[in-house]
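File shown here: data-v9.txt, holding compact mmCIF, C-alpha atoms and all ligand atoms.
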```
# COMPACT_ATOMS: atom_id res chain seq x y z
CA MET A 201 -24.47 5.67 -1.39
CA LEU A 202 -21.55 3.26 -1.22
CA SER A 203 -22.03 -0.06 0.51
CA VAL A 204 -19.86 -0.68 3.56
CA THR A 205 -19.23 -3.78 5.67
CA LYS A 206 -17.36 -3.25 8.93
CA HIS A 207 -15.57 -6.35 10.17
CA ALA A 208 -14.27 -6.16 13.76
CA LEU A 209 -10.93 -7.91 14.25
CA LYS A 210 -9.64 -9.86 17.23
CA LYS A 211 -6.52 -7.70 17.37
CA PRO A 212 -3.54 -9.51 18.91
CA ASP A 213 -1.04 -7.85 21.24
CA PHE A 214 2.13 -6.47 19.69
CA ALA A 215 4.34 -9.11 21.36
CA PRO A 216 3.12 -12.19 19.42
CA VAL A 217 3.04 -10.16 16.20
CA CYS A 218 6.69 -9.16 16.77
CA LYS A 219 7.59 -12.82 17.36
CA SER A 220 5.86 -13.78 14.13
CA PHE A 221 7.67 -11.04 12.19
CA GLU A 222 11.01 -12.15 13.68
CA LYS A 223 10.43 -15.75 12.62
CA SER A 224 9.66 -14.76 9.02
CA LEU A 225 12.45 -12.22 8.80
CA ALA A 226 15.00 -14.77 10.06
CA ALA A 227 14.19 -16.99 7.07
CA ASN A 228 14.43 -14.14 4.55
CA TYR A 229 17.12 -11.66 5.74
CA GLU A 230 20.65 -11.91 7.12
CA GLU A 231 20.06 -9.10 9.63
CA PHE A 232 16.84 -7.83 11.17
CA LYS A 233 15.37 -6.23 14.26
CA VAL A 234 11.76 -5.98 15.47
CA GLU A 235 10.81 -3.83 18.45
CA VAL A 236 7.85 -1.95 19.88
CA VAL A 237 8.69 1.76 20.04
CA ASP A 238 7.03 5.13 20.47
CA CYS A 239 6.26 6.26 16.95
CA PRO A 240 8.79 8.87 15.80
CA ASP A 241 7.53 11.99 14.02
CA LEU A 242 6.71 10.53 10.61
CA THR A 243 6.15 13.98 9.11
CA ALA A 244 9.96 14.30 9.06
CA ALA A 245 11.98 13.34 5.97
CA PRO A 246 12.33 10.79 4.54
CA TRP A 247 8.92 9.55 5.71
CA LYS A 248 7.05 12.73 4.82
CA LEU A 249 3.69 11.53 6.08
CA ALA A 250 0.95 14.12 6.60
CA LEU A 251 0.56 13.45 10.35
CA PRO A 252 3.14 12.34 12.90
CA GLY A 253 1.80 9.02 14.17
CA LEU A 254 -0.14 5.88 13.21
CA GLY A 255 -2.38 5.79 16.28
CA GLY A 256 -6.03 6.43 17.18
CA GLU A 257 -8.84 4.11 16.02
CA PRO A 258 -6.69 2.27 13.45
CA CYS A 259 -8.67 0.73 10.64
CA VAL A 260 -7.95 -0.87 7.26
CA ALA A 261 -10.24 -0.04 4.33
CA ASP A 262 -10.46 -1.93 1.05
CA VAL A 263 -12.32 0.23 -1.47
CA GLY A 264 -13.53 -0.93 -4.89
CA GLY A 265 -11.10 -3.43 -6.33
CA VAL A 266 -9.04 -4.69 -9.25
CA PRO A 267 -12.24 -5.85 -11.07
CA ASN A 268 -12.95 -2.11 -11.55
CA LEU A 269 -9.79 -2.02 -13.69
CA ILE A 270 -9.66 -5.46 -15.25
CA PRO A 271 -10.71 -6.79 -17.73
CA THR A 272 -12.05 -3.36 -18.75
CA PRO A 273 -11.79 -0.18 -16.68
CA ASN A 274 -14.86 1.40 -15.15
CA VAL A 275 -13.68 5.04 -15.03
CA GLU A 276 -16.92 6.04 -13.31
CA LYS A 277 -15.59 4.36 -10.17
CA GLN A 278 -14.11 7.37 -8.39
CA TYR A 279 -13.93 7.73 -4.63
CA ASN A 280 -13.20 10.46 -2.13
CA LEU A 281 -11.06 10.10 0.99
CA ASP A 282 -13.43 12.25 3.06
CA THR A 283 -16.29 9.88 2.23
CA VAL A 284 -14.16 6.81 2.90
CA ALA A 285 -13.10 8.19 6.29
CA GLU A 286 -16.74 8.92 7.20
CA LEU A 287 -17.84 5.44 6.15
CA CYS A 288 -15.10 3.98 8.37
CA GLY A 289 -16.33 6.07 11.31
CA LEU A 290 -13.22 8.28 11.17
CA SER A 291 -14.54 11.65 10.00
CA ASP A 292 -11.61 14.09 9.75
CA GLY A 293 -9.35 11.04 10.01
CA TYR A 294 -5.96 10.38 8.53
CA VAL A 295 -5.50 8.08 5.51
CA ILE A 296 -2.43 6.48 3.96
CA GLY A 297 -2.22 3.70 1.41
CA ALA A 298 -2.07 2.51 -2.17
CA SER A 299 -4.62 3.32 -4.85
CA ALA A 300 -5.07 4.69 -8.36
CA VAL A 301 -5.49 8.35 -9.24
CA ALA A 302 -8.85 9.76 -10.25
CA SER A 303 -8.25 9.51 -14.01
CA LYS A 304 -10.92 12.12 -14.73
CA LEU A 305 -8.94 14.66 -12.68
CA LEU A 306 -5.49 13.79 -13.95
CA GLY A 307 -6.52 12.96 -17.52
CA LYS A 308 -4.68 9.66 -17.18
CA ASN A 309 -4.43 6.52 -15.10
CA ALA A 310 -1.53 6.44 -12.59
CA GLU A 311 -0.21 5.00 -9.32
CA LEU A 312 -1.16 6.91 -6.17
CA VAL A 313 0.35 7.05 -2.69
CA ASN A 314 -2.46 8.28 -0.43
CA ASN A 315 -1.21 10.45 2.40
CA GLY A 316 -3.53 12.99 3.94
CA LYS A 317 -5.79 14.18 6.71
CA THR A 318 -9.42 14.38 5.61
CA GLY A 319 -12.04 16.92 6.63
CA LYS A 320 -12.27 20.70 6.77
CA ASP A 321 -8.75 21.23 8.13
CA GLY A 322 -7.41 18.59 5.77
CA VAL A 323 -3.82 18.23 4.65
CA VAL A 324 -2.98 16.40 1.41
CA LYS A 325 0.57 15.13 0.88
CA SER A 326 -0.27 12.41 -1.64
CA MET A 327 2.09 11.61 -4.52
CA TYR A 328 1.44 9.97 -7.88
CA THR A 329 3.64 8.33 -10.49
CA LYS A 330 2.53 8.30 -14.11
CA ILE A 331 3.93 7.28 -17.47
CA ILE A 332 4.73 10.33 -19.57
CA ASP A 333 5.77 8.93 -22.95
CA ASP A 334 4.01 6.71 -25.48
CA LYS A 335 6.37 3.77 -25.10
CA GLY A 336 6.17 3.64 -21.30
CA ASN A 337 9.89 4.21 -20.78
CA ASP A 338 9.62 7.50 -18.98
CA TYR A 339 7.69 8.42 -15.86
CA GLU A 340 7.42 11.11 -13.24
CA CYS A 341 6.55 11.22 -9.54
CA LYS A 342 4.72 14.34 -8.44
CA GLU A 343 2.47 15.84 -5.79
CA TYR A 344 -1.23 14.98 -6.05
CA PRO A 345 -3.21 17.68 -4.23
CA HIS A 346 -6.60 15.92 -4.40
CA ASN A 347 -8.77 13.76 -2.15
CA GLU A 348 -10.25 11.83 -5.07
CA PHE A 349 -8.94 8.47 -6.19
CA GLY A 350 -10.11 5.89 -8.71
CA LEU A 351 -11.00 2.23 -9.15
CA LEU A 352 -9.47 0.72 -6.00
CA GLY A 353 -7.77 1.62 -2.76
CA ASN A 354 -6.05 -0.26 0.04
CA LEU A 355 -5.98 2.20 2.88
CA PHE A 356 -4.97 2.50 6.53
CA LEU A 357 -6.93 5.04 8.54
CA CYS A 358 -6.31 6.41 12.01
CA ARG A 359 -6.09 9.73 13.87
CA GLY A 360 -2.39 10.21 13.10
CA LEU A 361 -1.60 10.25 16.81
CA PRO A 362 1.65 9.29 18.49
CA GLY A 363 1.71 5.95 20.28
CA LYS A 364 3.31 2.54 20.23
CA VAL A 365 4.12 1.01 16.85
CA ILE A 366 6.17 -1.91 15.59
CA HIS A 367 9.54 -0.87 14.18
CA VAL A 368 11.10 -3.33 11.72
CA THR A 369 14.52 -3.19 10.07
CA ALA A 370 15.88 -5.81 7.67
CA LYS A 371 19.09 -6.05 5.64
CA ILE A 372 20.58 -8.39 3.03
CA ARG A 373 17.86 -10.59 1.61
CA LYS A 374 18.61 -14.32 1.45
CA GLY A 375 15.07 -15.59 0.78
CA SER A 376 12.66 -15.15 -2.08
CA LEU A 377 9.93 -13.05 -0.46
CA ASN A 378 9.50 -9.31 -0.74
CA PHE A 379 9.50 -7.33 2.53
CA ILE A 380 5.72 -7.29 2.96
CA ASN A 381 5.18 -10.88 1.70
CA CYS A 382 7.69 -11.88 4.37
CA LEU A 383 5.96 -10.08 7.26
CA ASN A 384 2.51 -11.19 6.13
CA LYS A 385 3.52 -14.84 5.68
CA GLY A 386 4.34 -15.07 9.38
CA LEU A 387 0.97 -13.64 10.35
CA THR A 388 -0.86 -16.03 8.01
CA GLU A 389 0.95 -18.99 9.57
CA ASP A 390 0.81 -17.90 13.19
CA PHE A 391 -2.67 -16.39 13.66
CA THR A 392 -5.97 -18.19 13.16
CA ASP A 393 -7.91 -14.93 12.85
CA PRO A 394 -7.15 -12.19 10.32
CA VAL A 395 -4.56 -9.59 11.33
CA ALA A 396 -4.65 -6.28 9.42
CA VAL A 397 -1.60 -4.02 9.34
CA GLY A 398 -0.90 -0.56 7.98
CA GLY A 399 2.08 1.73 7.98
CA THR A 400 5.08 2.97 6.11
CA PHE A 401 8.40 1.49 5.09
CA LEU A 402 11.51 2.73 3.43
CA LEU A 403 13.73 0.90 0.98
CA THR A 404 16.74 2.87 2.17
CA ASN A 405 19.39 1.21 0.05
CA GLY A 406 19.29 -0.80 -3.15
CA LYS A 407 16.83 -0.95 -6.01
CA ALA A 408 13.34 -2.29 -6.54
CA LYS A 409 11.20 -3.57 -9.37
CA LEU A 410 8.10 -1.39 -9.52
CA HIS A 411 5.27 -1.06 -11.96
CA VAL A 412 3.50 2.04 -13.17
CA MET A 413 0.13 1.74 -14.88
CA PRO A 414 0.11 3.39 -18.31
CA GLY A 415 -3.06 4.75 -19.94
CA PHE A 416 -5.98 2.33 -19.90
CA SER A 417 -5.65 -0.64 -22.22
CA CYS A 418 -7.61 -0.46 -25.48
CA SER A 419 -8.30 -4.19 -25.33
CA PRO A 420 -9.65 -6.21 -22.38
CA LEU A 421 -7.05 -7.74 -20.03
CA HIS A 422 -8.07 -11.28 -19.17
CA THR A 423 -4.96 -12.95 -17.79
CA GLU A 424 -1.91 -12.18 -15.63
CA ASP A 425 0.14 -12.20 -18.85
CA ASP A 426 -2.20 -9.63 -20.43
CA ILE A 427 -1.77 -7.42 -17.36
CA ASN A 428 2.01 -7.79 -17.22
CA ASN A 429 2.26 -6.92 -20.91
CA TRP A 430 0.18 -3.80 -20.30
CA LEU A 431 1.90 -2.59 -17.09
CA ARG A 432 5.24 -0.78 -17.40
CA PHE A 433 7.91 -2.30 -15.14
CA HIS A 434 10.97 -0.33 -14.09
CA GLU A 435 13.89 -0.89 -11.76
CA MET A 436 14.01 2.16 -9.51
CA SER A 437 16.45 3.35 -6.86
CA GLY A 438 16.15 3.91 -3.14
CA PRO A 439 15.45 5.71 -1.00
CA LEU A 440 11.81 4.88 -1.75
CA THR A 441 9.14 5.73 0.84
CA HIS A 442 6.18 3.32 0.82
CA THR A 443 2.73 3.37 2.32
CA SER A 444 1.52 -0.16 2.84
CA VAL A 445 -1.48 -2.21 3.90
CA PHE A 446 -1.50 -5.96 4.44
CA VAL A 447 -3.99 -8.46 5.82
CA SER A 448 -3.07 -12.01 6.80
CA LYS A 449 -6.38 -13.67 5.85
CA ASP A 450 -9.53 -12.66 4.02
CA PRO A 451 -12.59 -13.07 6.27
CA GLY A 452 -14.81 -13.40 3.19
CA LEU A 453 -14.73 -9.72 2.12
CA ASP A 454 -13.05 -10.14 -1.30
CA LEU A 455 -9.95 -8.31 -0.09
CA ARG A 456 -6.66 -7.53 -1.75
CA LEU A 457 -4.27 -8.88 0.90
CA GLU A 458 -1.14 -6.79 0.22
CA HIS A 459 -0.61 -3.45 -1.47
CA SER A 460 2.32 -1.05 -1.23
CA HIS A 461 3.03 2.07 -3.28
CA CYS A 462 6.05 4.35 -3.05
CA PHE A 463 7.36 7.79 -3.90
CA SER A 464 10.68 9.61 -3.77
CA ASP A 465 12.35 12.99 -4.19
CA HIS A 466 14.28 11.79 -7.23
CA GLY A 467 11.34 11.07 -9.56
CA ASP A 468 11.00 7.34 -8.86
CA GLY A 469 7.80 5.78 -7.53
CA GLY A 470 5.06 3.25 -8.23
CA HIS A 471 3.72 -0.12 -7.13
CA TYR A 472 6.23 -2.18 -5.14
CA HIS A 473 6.93 -5.72 -6.31
CA PHE A 474 10.42 -6.70 -5.22
CA ASP A 475 13.91 -5.48 -4.43
CA THR A 476 16.42 -6.42 -7.12
CA THR A 477 19.56 -5.96 -5.03
CA PRO A 478 19.42 -8.64 -2.30
CA ASP A 479 23.05 -8.10 -1.19
CA THR A 480 22.65 -4.42 -0.47
CA VAL A 481 18.94 -3.99 0.23
CA CYS A 482 17.94 -2.37 3.48
CA TYR A 483 14.40 -1.83 4.78
CA GLU A 484 13.00 0.14 7.71
CA GLY A 485 9.30 0.34 8.58
CA TYR A 486 6.77 1.45 11.21
CA PHE A 487 3.48 -0.43 11.46
CA ASN A 488 0.30 -0.48 13.52
CA LEU A 489 -2.47 -3.09 13.79
CA ALA A 490 -6.05 -2.31 12.78
CA ASP A 491 -9.12 -2.77 14.98
CA ASN A 492 -11.44 -3.19 11.98
CA ILE A 493 -11.54 -3.85 8.28
CA CYS A 494 -14.04 -1.76 6.30
CA ARG A 495 -15.00 -3.17 2.93
CA ILE A 496 -16.41 -0.38 0.79
CA ASP A 497 -18.15 -0.77 -2.57
CA PRO A 498 -16.87 -4.26 -3.47
CA PRO A 499 -17.24 -5.04 -7.20
CA GLU A 500 -20.38 -7.01 -8.00
CA VAL A 501 -18.50 -9.27 -10.38
CA THR A 502 -15.14 -10.28 -8.98
CA HIS A 503 -12.04 -12.34 -9.81
CA LEU A 504 -8.56 -12.90 -8.39
CA ILE A 505 -6.52 -11.72 -11.39
CA GLY A 506 -4.03 -8.87 -10.95
CA ARG A 507 -3.88 -8.73 -7.15
CA ASP A 508 -0.09 -9.12 -6.91
ZN ZN B 601 -0.75 -0.82 -6.88
```

Encoded form using structure tokens:
Amino acid sequence: MLSVTKHALKKPDFAPVCKSFEKSLAANYEEFKVEVVDCPDLTAAPWKLALPGLGGEPCVADVGGVPNLIPTPNVEKQYNLDTVAELCGLSDGYVIGASAVASKLLGKNAELVNNGKTGKDGVVKSMYTKIIDDKGNDYECKEYPHNEFGLLGNLFLCRGLPGKVIHVTAKIRKGSLNFINCLNKGLTEDFTDPVAVGGTFLLTNGKAKLHVMPGFSCSPLHTEDDINNWLRFHEMSGPLTHTSVFVSKDPGLDLRLEHSHCFSDHGDGGHYHFDTTPDTVCYEGYFNLADNICRIDPPEVTHLIGRD
């Protein structure tokens, strides 16, 4: 049985969160807009989510953690989205987010975009990106028709219902922060209590630096340099559809505070770090705020390496 700690959040109204986003975006982008809207149908391209909305008992779950991967992987740490949804009190719920594939199923470690409705009438639209050559130069982004994932997961759960969400667009980056760092920085500065956010965003134009995990390292990874030498970094092209979770402050749960993975129709995908084309980059996202954070199966021995 996995351990679970449910932390209830003092969820702010949308209005002050929008103000905070606007303040951060103004410092980082030439053009931006933040508004509260009715969630459009996110099952439509290019979003391609499994359910239309981000509403209904919204919750953020942090499952396992980087210490299950680093310094040495614990491949026995495999999780199931149905179980995670039940532990969060959202049986048959909808889950999106960033995690690693179940390496036992895929035969290899890889980046996973979680996107599916759990339960008996479940729908799985998840996508993974894996390295497919020995040197780490080539990769592929494909459908992942499973509910299992491995090692760690930063997930947003809800009922997938329509409702109000925060719509953010930003163009032409003039600051140094990535899109999610930028939004989260405002929340960290402006709210005393933790604010947890989940949703989807598109890098519609431009390129991004992404990483894709290769096969597990043969030697232990002890430092950020070790990890960066092991990971395969690639510049990939938009449009890239991301699922993203971010939390402004850790209320003592050993959380990863930001995690975004992406997929595309053109074979690109992975873990989002940064856009590399500030003059042409264009982002659009839809986000909702979580009522709770569920911390599931935190590693017994932890560290802060590799949480970028
Ligand atoms: Zn990742």

Cut-off 8 Å: closest chain A/ligand ZN 601 (chain B) atom pairs per residue, using only C-alpha atoms and all ligand atoms, as CSV:
```
residue,atom,partner,partner_atom,distance
A:Ala298,CA,B:ZN601,ZN,5.9
A:Ser299,CA,B:ZN601,ZN,6.0
A:Ala300,CA,B:ZN601,ZN,7.2
A:Glu311,CA,B:ZN601,ZN,6.3
A:Leu312,CA,B:ZN601,ZN,7.8
A:His411,CA,B:ZN601,ZN,7.9
A:His459,CA,B:ZN601,ZN,6.0
A:Ser460,CA,B:ZN601,ZN,6.4
A:His461,CA,B:ZN601,ZN,6.0
A:Gly470,CA,B:ZN601,ZN,7.2
A:His471,CA,B:ZN601,ZN,4.5
A:Tyr472,CA,B:ZN601,ZN,7.3
```

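Comparing the minimum interatomic distances between Ser437 (chain A) and each of A:Ser419, A:Thr369, A:Asn315, A:Thr404, counting all atoms listed in the file, we find that A:Thr404 sits nearest.
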
Would you mind listing, for every residue of region 365-394 of chain A within 8 Å of region 222-243 of chain A, the two atoms forming the shortest contact and the distance between them in Å to one decimal, using all atoms listed in the file, sorted by chain and ascending residue number, as CSV?
```
residue,atom,partner,partner_atom,distance
A:Val365,CA,A:Val237,CA,5.6
A:Ile366,CA,A:Val236,CA,4.6
A:His367,CA,A:Glu235,CA,5.3
A:Val368,CA,A:Val234,CA,4.6
A:Thr369,CA,A:Lys233,CA,5.2
A:Ala370,CA,A:Phe232,CA,4.2
A:Lys371,CA,A:Glu231,CA,5.1
A:Ile372,CA,A:Glu230,CA,5.4
A:Arg373,CA,A:Tyr229,CA,4.3
A:Lys374,CA,A:Asn228,CA,5.2
A:Gly375,CA,A:Asn228,CA,4.1
A:Ser376,CA,A:Asn228,CA,6.9
A:Leu377,CA,A:Asn228,CA,6.8
A:Cys382,CA,A:Ser224,CA,5.8
A:Leu383,CA,A:Ser224,CA,6.2
A:Lys385,CA,A:Ser224,CA,7.0
A:Gly386,CA,A:Ser224,CA,5.3
```

task = Kindly indicate which residue among A:Phe379, A:Phe221, A:Tyr339, A:Phe349 lies nearest to Met436 (chain A), using all atoms listed in the file for the distances.
result = A:Tyr339

query = Near Lys342 (chain A), within 12 Å and counting all atoms listed in the file, which residues show up once chain neighbours fewer than 4 positions away are dropped, as a VMD selection string?
reply = chain A and resid 301 306 310 to 313 325 to 332 462 to 470

query = Distance CA of Leu387 (chain A)-CA of Lys449 (chain A), one decimal place?
reply = 8.6 Å

Within 9 Å of Thr476 (chain A) using only C-alpha atoms, minus same-chain residues under 5 positions, as a PDB file with C-alpha atoms, keeping the file's coordinate frame:
```pdb
ATOM      1  CA  GLY A 406      19.290  -0.800  -3.150  1.00  0.00           C
ATOM      2  CA  LYS A 407      16.830  -0.950  -6.010  1.00  0.00           C
ATOM      3  CA  ALA A 408      13.340  -2.290  -6.540  1.00  0.00           C
ATOM      4  CA  LYS A 409      11.200  -3.570  -9.370  1.00  0.00           C
ATOM      5  CA  GLU A 435      13.890  -0.890 -11.760  1.00  0.00           C
ATOM      6  CA  VAL A 481      18.940  -3.990   0.230  1.00  0.00           C
TER       7      VAL A 481
END
```

Enumerate, in order of chain and increasing residue number, the residues of region 324-440 of chain A with an atom no farther than 8 Å from region 503-506 of chain A, each with its shortest atom pair and distance in Å to one decimal, counting only C-alpha atoms, as JSON lines.
```
{"residue": "A:His422", "atom": "CA", "partner": "A:Ile505", "partner_atom": "CA", "distance": 7.9}
{"residue": "A:Thr423", "atom": "CA", "partner": "A:Ile505", "partner_atom": "CA", "distance": 6.7}
{"residue": "A:Glu424", "atom": "CA", "partner": "A:Gly506", "partner_atom": "CA", "distance": 6.1}
{"residue": "A:Ile427", "atom": "CA", "partner": "A:Gly506", "partner_atom": "CA", "distance": 6.9}
```

task = Can you pull out every residue within 9 Å of Val445 (chain A), counting all atoms listed in the file, but drop anything in the same chain fewer than 3 positions away, and send it as a PyMOL selection string?
result = chain A and resi 260+296-298+354-356+380+396-400+457-460

Next, the residues of the selection above should be written as a JSON list (two decimals), in the coordinates of the input with C-alpha atoms.
```json
[["chain", "number", "residue", "atom", "x", "y", "z"],
["A", 260, "VAL", "CA", -7.95, -0.87, 7.26],
["A", 296, "ILE", "CA", -2.43, 6.48, 3.96],
["A", 297, "GLY", "CA", -2.22, 3.70, 1.41],
["A", 298, "ALA", "CA", -2.07, 2.51, -2.17],
["A", 354, "ASN", "CA", -6.05, -0.26, 0.04],
["A", 355, "LEU", "CA", -5.98, 2.20, 2.88],
["A", 356, "PHE", "CA", -4.97, 2.50, 6.53],
["A", 380, "ILE", "CA", 5.72, -7.29, 2.96],
["A", 396, "ALA", "CA", -4.65, -6.28, 9.42],
["A", 397, "VAL", "CA", -1.60, -4.02, 9.34],
["A", 398, "GLY", "CA", -0.90, -0.56, 7.98],
["A", 399, "GLY", "CA", 2.08, 1.73, 7.98],
["A", 400, "THR", "CA", 5.08, 2.97, 6.11],
["A", 457, "LEU", "CA", -4.27, -8.88, 0.90],
["A", 458, "GLU", "CA", -1.14, -6.79, 0.22],
["A", 459, "HIS", "CA", -0.61, -3.45, -1.47],
["A", 460, "SER", "CA", 2.32, -1.05, -1.23]]
```

What lies within 9 Å of Asn337 (chain A) using only C-alpha atoms, ignoring chain neighbours under 3 positions off, as a short mmCIF file (atom, residue, chain, number, x, y, z; two decimals) with C-alpha atoms, in the frame of the given file?
```cif
data_model
loop_
_atom_site.label_atom_id
_atom_site.label_comp_id
_atom_site.auth_asym_id
_atom_site.auth_seq_id
_atom_site.Cartn_x
_atom_site.Cartn_y
_atom_site.Cartn_z
CA ILE A 331 3.93 7.28 -17.47
CA ILE A 332 4.73 10.33 -19.57
CA ASP A 333 5.77 8.93 -22.95
CA ASP A 334 4.01 6.71 -25.48
CA ARG A 432 5.24 -0.78 -17.40
CA PHE A 433 7.91 -2.30 -15.14
CA HIS A 434 10.97 -0.33 -14.09
#
```

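Here CA of Asp454 (chain A) stands at a distance of 14.8 Å from CA of Leu351 (chain A).
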
Save C-alpha atoms of region 266-327 of chain A from the block above as a short mmCIF file (atom, residue, chain, number, x, y, z; two decimals), in the first residue's frame.
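Listed below is the output, selection31.cif:
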```cif
data_model
loop_
_atom_site.label_atom_id
_atom_site.label_comp_id
_atom_site.auth_asym_id
_atom_site.auth_seq_id
_atom_site.Cartn_x
_atom_site.Cartn_y
_atom_site.Cartn_z
CA VAL A 266 13.74 12.00 -8.63
CA PRO A 267 15.53 10.04 -5.83
CA ASN A 268 13.92 6.92 -7.39
CA LEU A 269 16.02 7.67 -10.49
CA ILE A 270 19.16 9.27 -9.08
CA PRO A 271 21.83 8.35 -8.07
CA THR A 272 20.76 4.82 -9.09
CA PRO A 273 17.38 3.86 -10.55
CA ASN A 274 14.93 1.78 -8.58
CA VAL A 275 13.07 0.12 -11.48
CA GLU A 276 10.73 -1.59 -9.02
CA LYS A 277 9.09 1.79 -8.46
CA GLN A 278 6.18 1.52 -10.89
CA TYR A 279 2.84 3.19 -10.37
CA ASN A 280 -0.62 3.00 -11.87
CA LEU A 281 -2.85 5.98 -12.70
CA ASP A 282 -5.98 4.18 -11.47
CA THR A 283 -4.35 3.70 -8.06
CA VAL A 284 -3.09 7.28 -7.97
CA ALA A 285 -6.57 8.60 -8.80
CA GLU A 286 -8.12 6.45 -6.05
CA LEU A 287 -5.54 7.61 -3.51
CA CYS A 288 -6.36 11.22 -4.42
CA GLY A 289 -10.07 10.54 -3.89
CA LEU A 290 -10.77 10.82 -7.63
CA SER A 291 -11.67 7.26 -8.67
CA ASP A 292 -12.40 7.23 -12.42
CA GLY A 293 -10.79 10.67 -12.53
CA TYR A 294 -8.82 12.36 -15.25
CA VAL A 295 -5.02 12.69 -15.06
CA ILE A 296 -2.53 14.79 -17.02
CA GLY A 297 1.09 15.52 -16.27
CA ALA A 298 4.76 14.67 -16.56
CA SER A 299 6.33 11.38 -15.55
CA ALA A 300 8.55 8.54 -16.73
CA VAL A 301 7.35 5.45 -18.58
CA ALA A 302 7.10 2.09 -16.86
CA SER A 303 10.48 0.80 -18.07
CA LYS A 304 9.44 -2.81 -17.49
CA LEU A 305 6.60 -2.36 -20.00
CA LEU A 306 8.51 -0.39 -22.60
CA GLY A 307 11.85 -2.15 -22.14
CA LYS A 308 13.48 1.25 -21.75
CA ASN A 309 13.38 4.46 -19.78
CA ALA A 310 11.61 7.40 -21.51
CA GLU A 311 9.73 10.68 -21.05
CA LEU A 312 5.97 10.38 -20.59
CA VAL A 313 3.11 12.83 -21.10
CA ASN A 314 0.25 11.47 -18.98
CA ASN A 315 -3.13 12.13 -20.52
CA GLY A 316 -6.02 9.85 -19.68
CA LYS A 317 -9.23 9.08 -17.87
CA THR A 318 -8.80 6.33 -15.29
CA GLY A 319 -11.28 3.62 -14.32
CA LYS A 320 -13.39 1.06 -16.15
CA ASP A 321 -14.43 3.40 -18.97
CA GLY A 322 -10.91 4.78 -19.16
CA VAL A 323 -9.37 6.56 -22.12
CA VAL A 324 -5.59 6.70 -22.55
CA LYS A 325 -4.09 9.34 -24.85
CA SER A 326 -0.63 9.44 -23.27
CA MET A 327 2.49 9.95 -25.40
#
```
